[in-house]
Amino acid sequence: MRELSGDVAIVGSGISGMLVARECLRAGQEVVVMERGGRWSHRQQLSTGRFEARVETATHNHETAPGSPKYPWDYLYAVGGSSLHWTGHAPRLAAEDLQMRTAYGVMVDWPIGYDGLEPFFERAEVALGVAGAPAPRYGPAVEAQPAHPLSPMDRLLAPLLAPYRPLPQARPSVAVDERPACCGAATCALCPVDSRFSVLNGLGDVLSNRALRLVTETVAVRLVGGPGGRATALEGLNARREPVRVTARSFVLAASGFENPAILLRSGLERQATGRYLYDHAHRTLCVRVKRPVGAGEGHTIVTGCSEAFASGAFRSHRAGALVLPFNPGIPLGGVASDAFLDGQRGPALREHVADRWRRTLPFDILLDDVPRPERRVSLSPRRDRLGLPLTRVTYPPAGRYEEEGFVALRAELEQRLAPLGVETVEETPAPAGGHLLGTCRMGSGADAVVDSELRHLDVENVWVVGGSAFPTYSPWHPTLTIAALAVRAGERLAAELE
Amino acid sequence: MVGRARFARFVADRLGIDPTTAARLLKISRATHPRRFGVRAAAFLVAAWEPLGQRLPRRLRFRALNMLLGPMLATPAGINAYAAQRFEAGLARDVSAGPCES
């Protein structure tokens with residue numbers, strides 16, 4: 001058995017785990033990080049088109065529960081976690097998103113308000129190099145990261161879909177440290193110049209810190225308890241099926257909305273809410289064809305602006321809020337070209353038909369929230385993976401009325417607002433998964449919670465659970481910056497406690 | 001077996017672009033969706049070869065065409081190359097909106 005020890009043991013090397021690690025390292029503590037994925041550099045990603053190393057421990061280990069519809073869950077097991085394929089969109093959650101019960105009489109309030117999170121939002125924005133953040137202060141070398149300018153498509157839409165603002169992005173508009181400014185290549189998940197934040201390019205100093213030991217290709221199996229309701233060790237299993245044991249004073253689970261609850265369940269640390277209230281940010285896509293060119297194919301990044309017209313209001317008491325993001329590259333053209341071919345078009349006439357559709361169609365990525373539901377959950381399967389561990393079983397019933405009615409109302413109002421452009425058709429097309437695994441270890445104080453407002457486990461005081469799994473409700477806004485802010489806050493509290 | 005250059009000419013003819021552009025698009029498609037590229041190319045060939053393709057039911061023919069065209073014209077690079085005939089790295093920068101510094 002391989003044995004290690006440190007002040008803090010962290011499971012997962014994604015954004016939240018590494019931000020907690022950074023706070024602990026700054027306080028002089030020794031950190032051990034257990035990561036089931038392998039190292040896979042940006043250069044390797046570019047040369048292979050893959051985001052993660054093909055190692056046995058990084059094999060995805062979830063299954064769809066019997067009777068539940070299949071869902072295209074999107075996550076990575078790698079050093080850097082899902083930051084390696086992140087689109088980099090980094091707005092803050094709105095204040096009302098943290099107080100849905102108080103503001104609209106639905107769902108629950110977070111145990112922490114916007115004012116309490118604000119300083120941590122700012123620190124997270126600096127850590128991630130967010131362009132267009134509300135109050136960025138980077139320091140003498142780079143004083144500010146201006147927002148990426150609104151694209152021609154944004155400028156066409158802004159008066160019709162007000163309030164309309166530049167979208168904050170972890171993609172510098174001014175070179176910062178080793179990261180160049182965004183080059184506008186429109187291949188944003190796999191940034192060709194390594195501008196978009198990832199743990200590898202933005203927190204490399206944490207990974208290479210001498211007081212941090214990174215144990216890769218090792219799956220965290222369970223936490224082991226001792227007297228007084230405290231965890232004493234983290235047990236893992238590497239690709240050769242050799243046991244690895246890490247003893248520490250505190251333990252941090254930062255391994256996603258699937259793995260965090262699975263580790264707790266394998267450790268016998270089950271609460272009523274553990275694994276429940278799972279949510280992937282709902283993405284819907286609308287393509288609106290109008291009578292005039294819309295500026296497709298131009299802009300500094302794939303998405304530069306967002307409409308907040310549908311994100312806030314009394315309607316959120318009974319239907320979902322939504323964020324509307326125009327997609328600068330324009331609509332995908334395969335279906336249009338195939339249809340035109342079947343209608344008898346060939347050669348230059350076909351191309352001109354397709355190009356005309358492209359020039360006159362607005363593609364919108366629409367993000368909605370939904371009511372947290374306990375039946376959406378992860379649990380442990382009786383089936384086992386290659387390492388002999390239970391698969392993570394995912395039960396995910398389709399969207400409820402709250403989300404669906406939000407989308408229906410948005411679609412109708414969007415069509416009305418765009419009428420001055422001469423709307424010809426509005427079509428919903430298949431959308432990708434959100435790639436945000438939220439809920440499953442939610443923040444709160446009662447039976448419906450797993451961690452407290454500081455992200456400390458409610459039953460085991462030296463176990464912390466960070467990341468999107470702690471969200472008690474969701475939001476139309478992208479969650480990553482809030483995940484990062486909560487991690488900085490938890491890391492600061494943990495470091496202070498250990499000193 | 002149809003060679004790469006011949007296949008690119010075939011695609012170019014059907015889609016109304018020059019063979020060089022077609023070859024670039026096929027390269028983008030192969031790079032972004034390397035799995036089963038040969039199968040997708042063969043499906044397109046059958047569906048777009050006339051009169052053979054005309055014998056297919058419309059729905060099946062659409063699927064066969066879209067097996068190649070869908071991934072090929074889904075990425076910003078593919079969209080730009082086909083619709084805008086532009087082969088720069090990505091989006092056209094809008095100078096009037098102000099430059100990004102680097």
# chains A, B, ... in the order shown; residues from 1 in each chain; ligands from 1
$ interface_residues --of "chain A" --to "chain B" --cutoff "6 Å" --atoms "only C-alpha atoms" --output "JSON, numbers by chain"
{"A": [149, 173, 174, 175, 181, 184, 185, 186, 297, 298, 299, 300, 329, 332, 333, 334, 338, 346, 347, 348, 351, 355]}
$ select_by_dssp --residues "chain B" --states "helix (DSSP H, G or I)" --output "PyMOL selection string"
chain B and resi 4-15+19-32+37-48+52-55+58-72+76-84+95-97
$ atom_distance --atom1 "CA of Val206 in chain A" --atom2 "CA of Arg266 in chain A"
29.0 Å
$ residues_around --residues "Arg4 in chain B" --least-positions-apart "4" --cutoff "9 Å" --atoms "only C-alpha atoms" --output "list in words"
Ala8, Arg9 and Ala23 of chain B
$ residues_around --residues "Met100 in chain A" --least-positions-apart "3" --cutoff "10 Å" --atoms "only C-alpha atoms" --output "PDB file with N, CA and C atoms, in the first residue's frame"
ATOM      1  N   ALA A  95     -28.147  38.115  -7.651  1.00  0.00           N
ATOM      2  CA  ALA A  95     -28.507  38.067  -6.230  1.00  0.00           C
ATOM      3  C   ALA A  95     -29.793  37.278  -6.020  1.00  0.00           C
ATOM      4  N   GLU A  96     -30.768  37.467  -6.917  1.00  0.00           N
ATOM      5  CA  GLU A  96     -32.060  36.800  -6.709  1.00  0.00           C
ATOM      6  C   GLU A  96     -31.937  35.274  -6.863  1.00  0.00           C
ATOM      7  N   ASP A  97     -30.942  34.825  -7.627  1.00  0.00           N
ATOM      8  CA  ASP A  97     -30.765  33.379  -7.789  1.00  0.00           C
ATOM      9  C   ASP A  97     -30.417  32.705  -6.460  1.00  0.00           C
ATOM     10  N   ALA A 103     -37.416  35.968  -2.794  1.00  0.00           N
ATOM     11  CA  ALA A 103     -37.781  36.831  -3.918  1.00  0.00           C
ATOM     12  C   ALA A 103     -39.076  36.404  -4.590  1.00  0.00           C
ATOM     13  N   TYR A 104     -39.264  35.093  -4.739  1.00  0.00           N
ATOM     14  CA  TYR A 104     -40.397  34.625  -5.558  1.00  0.00           C
ATOM     15  C   TYR A 104     -41.261  33.567  -4.886  1.00  0.00           C
ATOM     16  N   GLY A 105     -40.923  33.191  -3.661  1.00  0.00           N
ATOM     17  CA  GLY A 105     -41.758  32.217  -2.940  1.00  0.00           C
ATOM     18  C   GLY A 105     -41.630  30.794  -3.445  1.00  0.00           C
ATOM     19  N   VAL A 106     -40.551  30.489  -4.169  1.00  0.00           N
ATOM     20  CA  VAL A 106     -40.351  29.114  -4.654  1.00  0.00           C
ATOM     21  C   VAL A 106     -38.966  28.614  -4.262  1.00  0.00           C
ATOM     22  N   MET A 107     -38.806  27.310  -4.283  1.00  0.00           N
ATOM     23  CA  MET A 107     -37.508  26.659  -4.020  1.00  0.00           C
ATOM     24  C   MET A 107     -36.995  27.036  -2.635  1.00  0.00           C
ATOM     25  N   VAL A 108     -35.693  27.235  -2.493  1.00  0.00           N
ATOM     26  CA  VAL A 108     -35.116  27.587  -1.181  1.00  0.00           C
ATOM     27  C   VAL A 108     -34.114  28.725  -1.370  1.00  0.00           C
ATOM     28  N   ASP A 109     -33.827  29.427  -0.291  1.00  0.00           N
ATOM     29  CA  ASP A 109     -32.748  30.424  -0.302  1.00  0.00           C
ATOM     30  C   ASP A 109     -31.418  29.716  -0.055  1.00  0.00           C
ATOM     31  N   TRP A 110     -30.371  30.252  -0.631  1.00  0.00           N
ATOM     32  CA  TRP A 110     -29.045  29.772  -0.263  1.00  0.00           C
ATOM     33  C   TRP A 110     -28.728  30.287   1.152  1.00  0.00           C
ATOM     34  N   ARG A 316     -40.815  34.318 -12.338  1.00  0.00           N
ATOM     35  CA  ARG A 316     -39.995  33.209 -11.841  1.00  0.00           C
ATOM     36  C   ARG A 316     -40.653  32.471 -10.670  1.00  0.00           C
ATOM     37  N   SER A 317     -41.769  33.010 -10.185  1.00  0.00           N
ATOM     38  CA  SER A 317     -42.522  32.267  -9.165  1.00  0.00           C
ATOM     39  C   SER A 317     -43.164  31.018  -9.769  1.00  0.00           C
ATOM     40  N   THR A 473     -30.003  25.632  -5.360  1.00  0.00           N
ATOM     41  CA  THR A 473     -30.867  25.933  -6.507  1.00  0.00           C
ATOM     42  C   THR A 473     -29.947  26.257  -7.675  1.00  0.00           C
ATOM     43  N   TYR A 474     -30.540  26.486  -8.837  1.00  0.00           N
ATOM     44  CA  TYR A 474     -29.722  26.730 -10.024  1.00  0.00           C
ATOM     45  C   TYR A 474     -29.999  28.152 -10.501  1.00  0.00           C
ATOM     46  N   SER A 475     -29.705  28.413 -11.728  1.00  0.00           N
ATOM     47  CA  SER A 475     -29.831  29.778 -12.228  1.00  0.00           C
ATOM     48  C   SER A 475     -29.784  29.744 -13.746  1.00  0.00           C
TER      49      SER A 475
END
$ closest_residue --among "A:Ser41, A:Ser82, A:Ser195, A:Ser379" --to "His436 in chain A" --atoms "only C-alpha atoms"
A:Ser82
$ closest_residue --among "A:Leu160, A:Leu84, A:Leu214, A:Leu150" --to "Ser198 in chain A" --atoms "only C-alpha atoms"
A:Leu84
$ residues_around --residues "range 423-428 of chain A" --least-positions-apart "3" --cutoff "12 Å" --atoms "only C-alpha atoms" --output "ChimeraX atom specification"
/A:283-294,331,357,360-366,407-408,411-420,431
$ decode --residues "range 232-271 of chain A" --atoms "C-alpha atoms" --output "compact mmCIF listing (two decimals), in the first residue's frame"
# COMPACT_ATOMS: atom_id res chain seq x y z
CA THR A 232 -8.98 10.23 9.36
CA ALA A 233 -7.98 8.89 5.95
CA LEU A 234 -8.85 8.79 2.29
CA GLU A 235 -8.53 5.41 0.62
CA GLY A 236 -7.90 5.13 -3.10
CA LEU A 237 -7.11 2.61 -5.77
CA ASN A 238 -4.73 3.16 -8.63
CA ALA A 239 -4.79 1.74 -12.15
CA ARG A 240 -2.75 -1.30 -11.03
CA ARG A 241 -5.44 -1.87 -8.37
CA GLU A 242 -2.96 -1.04 -5.62
CA PRO A 243 -4.41 0.65 -2.54
CA VAL A 244 -3.37 4.20 -1.76
CA ARG A 245 -4.03 5.76 1.64
CA VAL A 246 -3.83 9.45 2.49
CA THR A 247 -4.03 10.63 6.08
CA ALA A 248 -4.77 14.29 6.69
CA ARG A 249 -6.36 16.72 9.11
CA SER A 250 -9.06 17.76 6.65
CA PHE A 251 -10.53 16.30 3.47
CA VAL A 252 -12.03 18.12 0.52
CA LEU A 253 -14.21 16.47 -2.10
CA ALA A 254 -13.92 18.46 -5.31
CA ALA A 255 -14.69 15.75 -7.81
CA SER A 256 -17.98 16.77 -9.51
CA GLY A 257 -21.67 16.28 -8.93
CA PHE A 258 -21.33 12.58 -9.72
CA GLU A 259 -18.20 11.64 -7.81
CA ASN A 260 -18.70 13.73 -4.66
CA PRO A 261 -21.92 11.97 -3.60
CA ALA A 262 -20.59 8.61 -4.79
CA ILE A 263 -17.58 8.91 -2.48
CA LEU A 264 -19.84 9.92 0.43
CA LEU A 265 -22.15 6.97 -0.26
CA ARG A 266 -19.22 4.54 -0.49
CA SER A 267 -18.02 5.96 2.84
CA GLY A 268 -21.33 5.33 4.59
CA LEU A 269 -21.85 9.09 4.97
CA GLU A 270 -25.35 9.13 3.58
CA ARG A 271 -27.83 11.83 4.42
